[in-house]
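Undergrad: Take this structure, written in structure tokens, and hold onto it; I'll ask about it next.
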Amino acid sequence: MPRIKGSHNAMKTGMLAAEQAFKALAAGRASDELVEYQAAFEKSWVAKELKVVRNAKPLLGKLGTFLGGAVGMFDMWCTHLTGGFSFFGTMKHDKTDAASTGLAKDYTPIVYPKPDGVISFDKLSSVFLSATNHEEDQPAHLTLKDPSIPISVNLPKYGEPARLYCPAGVYEVLYNEQGTDPRFQINAQNCVHCKTCDIKDPSQNIVWTTPEGGGGPNYPNM
Ligand code: SF4
């Protein structure tokens, strides 16, 4: 969380996975579990970096932004200097992200300015830059355990947060011309695979599975 996005970790762990998969395939192992990947990860600088920052977010959650931030900084320096030791051990969160979702009635919606196309952009133009694509006829990689939950539970209770937290505008609540009869729409083609919906949905009703055949974001200009 204190690191910038973690893109470097995503690339390094992808490389570790590819190296271990290559070795396993070269040894004629095509279908067992790739346990060497976990071992390679634990020996890598990614694991060392993450160990140093492991208590940062739980401390913010328990002590608040200012005190939690100050104690977190202290903890990160101690952990960095001692090679992994923390006075707090390894802290846990009190509850899951899904269970932390507040009720819509307790909040006032934030009205953001419209994207100006210069320093701020709408979701769909950013999805376009990612060159996200999925084969049209592949099995759905985003499914609902109960299709009625988004409108019958999530909308009245939580304002259906999927339409807000999804960075790619995959989830929409659409209304008819009279502004009534809401329905939930999933634009799975736009999914950039952050997996937030699977983790954050307050009803734990959304199931994200790995799409078929390498579909997803491509980022050709990065
Ligand atoms: S995985 Fe991320 S991008 Fe895809 S639908 Fe879920 S929240 Fe949206």
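By convention in this document, the chains of the structure tokens carry letters A, B, ... by their order, each chain's residues are numbered from 1, and ligands are numbered from 1 in the order they are shown.
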Give as number ranges by chain the residues surrounding ligand 1 up to a distance of 10 Å, considering only C-alpha atoms and all ligand atoms.
TA: A: 127, 141-143, 162-171, 186-201, 206-210, 216-217
Undergrad: Those selected residues, please, written with C-alpha atoms and delivered as an mmCIF file, in the first residue's frame.
TA:
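selection11.cif, freshly written:
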```
data_model
loop_
_atom_site.group_PDB
_atom_site.id
_atom_site.type_symbol
_atom_site.label_atom_id
_atom_site.label_comp_id
_atom_site.auth_asym_id
_atom_site.auth_seq_id
_atom_site.Cartn_x
_atom_site.Cartn_y
_atom_site.Cartn_z
ATOM 1 C CA VAL A 127 -10.360 1.242 -20.704
ATOM 2 C CA HIS A 141 -15.792 -14.850 -16.423
ATOM 3 C CA LEU A 142 -17.962 -12.641 -14.190
ATOM 4 C CA THR A 143 -20.998 -14.349 -12.711
ATOM 5 C CA ALA A 162 -20.073 -2.130 -7.949
ATOM 6 C CA ARG A 163 -21.105 0.654 -10.350
ATOM 7 C CA LEU A 164 -18.720 2.987 -8.444
ATOM 8 C CA TYR A 165 -15.664 0.931 -7.438
ATOM 9 C CA CYS A 166 -15.191 -0.942 -10.718
ATOM 10 C CA PRO A 167 -12.456 1.043 -12.538
ATOM 11 C CA ALA A 168 -13.716 -0.095 -15.938
ATOM 12 C CA GLY A 169 -17.430 0.678 -15.706
ATOM 13 C CA VAL A 170 -18.298 -3.005 -16.021
ATOM 14 C CA TYR A 171 -21.310 -2.805 -13.697
ATOM 15 C CA ILE A 186 -22.533 -6.536 -16.558
ATOM 16 C CA ASN A 187 -20.290 -5.346 -19.422
ATOM 17 C CA ALA A 188 -17.776 -8.174 -18.921
ATOM 18 C CA GLN A 189 -15.938 -7.298 -22.136
ATOM 19 C CA ASN A 190 -14.435 -4.204 -20.421
ATOM 20 C CA CYS A 191 -13.050 -5.994 -17.344
ATOM 21 C CA VAL A 192 -9.407 -5.094 -16.617
ATOM 22 C CA HIS A 193 -8.982 -7.970 -14.126
ATOM 23 C CA CYS A 194 -8.365 -6.037 -10.917
ATOM 24 C CA LYS A 195 -10.635 -8.537 -9.068
ATOM 25 C CA THR A 196 -11.992 -5.794 -6.799
ATOM 26 C CA CYS A 197 -15.605 -6.896 -7.332
ATOM 27 C CA ASP A 198 -14.918 -10.426 -6.113
ATOM 28 C CA ILE A 199 -13.334 -9.035 -2.937
ATOM 29 C CA LYS A 200 -15.432 -5.937 -2.230
ATOM 30 C CA ASP A 201 -19.014 -6.874 -3.097
ATOM 31 C CA ILE A 206 -19.860 -11.705 -7.571
ATOM 32 C CA VAL A 207 -17.568 -14.500 -8.747
ATOM 33 C CA TRP A 208 -14.523 -13.591 -10.860
ATOM 34 C CA THR A 209 -12.835 -16.469 -12.683
ATOM 35 C CA THR A 210 -9.784 -16.374 -14.934
ATOM 36 C CA GLY A 216 -8.052 -8.994 -20.787
ATOM 37 C CA PRO A 217 -6.043 -5.760 -20.678
#
```
Undergrad: What's the 9 Å shell around Glu212 in chain A, counting only C-alpha atoms, without same-chain residues fewer than 5 positions away, as a CSV table (one decimal) with C-alpha atoms, in the first residue's frame?
TA:
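Output (out.csv):
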```csv
chain,number,residue,atom,x,y,z
A,134,HIS,CA,-12.2,-10.9,-24.5
A,135,GLU,CA,-13.4,-13.4,-27.1
A,138,GLN,CA,-16.1,-17.4,-24.3
A,139,PRO,CA,-17.8,-18.5,-21.0
A,141,HIS,CA,-15.8,-14.8,-16.4
```
Undergrad: In Å, how far is it from CA of Lys43 in chain A to CA of Leu16 in chain A?
TA: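 Spanning CA of Lys43 in chain A to CA of Leu16 in chain A is a straight-line distance of 10.5 Å.
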Undergrad: Hey, can you check how far CA of Ser100 in chain A sits from CA of Pro150 in chain A?
TA: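 Between CA of Ser100 in chain A and CA of Pro150 in chain A the gap works out to 17.4 Å.
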Undergrad: For Pro156 in chain A, list every protein, DNA or RNA residue within 10 Å, evaluated using only C-alpha atoms, and leave out those in the same chain fewer than 3 positions away; present the list as a list in words.
TA: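 Using only C-alpha atoms, the neighbours found are Leu103, Ala104, Lys105, Pro150, Ile151, Ser152, Val153, Gly159 and Glu160 of chain A.
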Undergrad: So, counting only C-alpha atoms, which residue among A:Ala18, A:Pro202, A:Met91, A:Asn55 is closest to Asp75 in chain A?
TA: A:Asn55
Undergrad: One number please: CA of Gly72 in chain A to CA of Glu49 in chain A, in Å, one decimal.
TA: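 CA of Glu49 in chain A lies 14.7 Å from CA of Gly72 in chain A.
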Undergrad: When you count only C-alpha atoms, which of these residues is closest to Cys78 in chain A: A:Val52, A:Ala17, A:Gln185, A:Tyr158?
TA: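 Answer, going by the shortest atom-to-atom distance: A:Val52.
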Undergrad: Extract, using only C-alpha atoms, all DNA, RNA and protein residues at most 9 Å from range 56-61 of chain A, discarding same-chain residues fewer than 5 positions from it, and format them as a list in words.
TA: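 The contact residues come out as Met1, Pro2, Phe66, Leu67, Gly68, Gly69, Val71, Gly72, Met73, Asp75, Met76, Met91, Lys92, His93 and Asp94 of chain A.
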Undergrad: Using DSSP on the backbone coordinates, identify all residues within range 65-168 of chain A classified as strand (DSSP E or B); present the result as JSON, numbers by chain.
TA: {"A": [133, 142, 143, 144]}
Undergrad: Quick one: residues within 12 Å of range 35-38 of chain A, only C-alpha atoms, excluding same-chain residues fewer than 6 positions away - as a list in words?
TA: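 Listed by chain and then number, they are Lys12, Thr13, Gly14, Met15, Leu16, Ala17, Ala18, Glu19, Gln20, Ala21, Phe22, Lys23, Ala24, Arg29, Ser44, Val46 and Ala47 of chain A.
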Undergrad: Could you check the closest approach to Ala131 in chain A for each of A:Leu50, A:Pro220, A:Gly89, A:Gly179 and tell me which residue wins, using only C-alpha atoms?
TA: A:Pro220
Undergrad: Apply DSSP to the structure's backbone, then extract all residues of range 15-215 of chain A labelled helix (DSSP H, G or I) and return them as a PyMOL selection string.
TA: chain A and resi 15-26+35-43+45-52+56-63+65-82+98-100+104-106+123-129+149-158+162-165+188-190+196-200+212-214
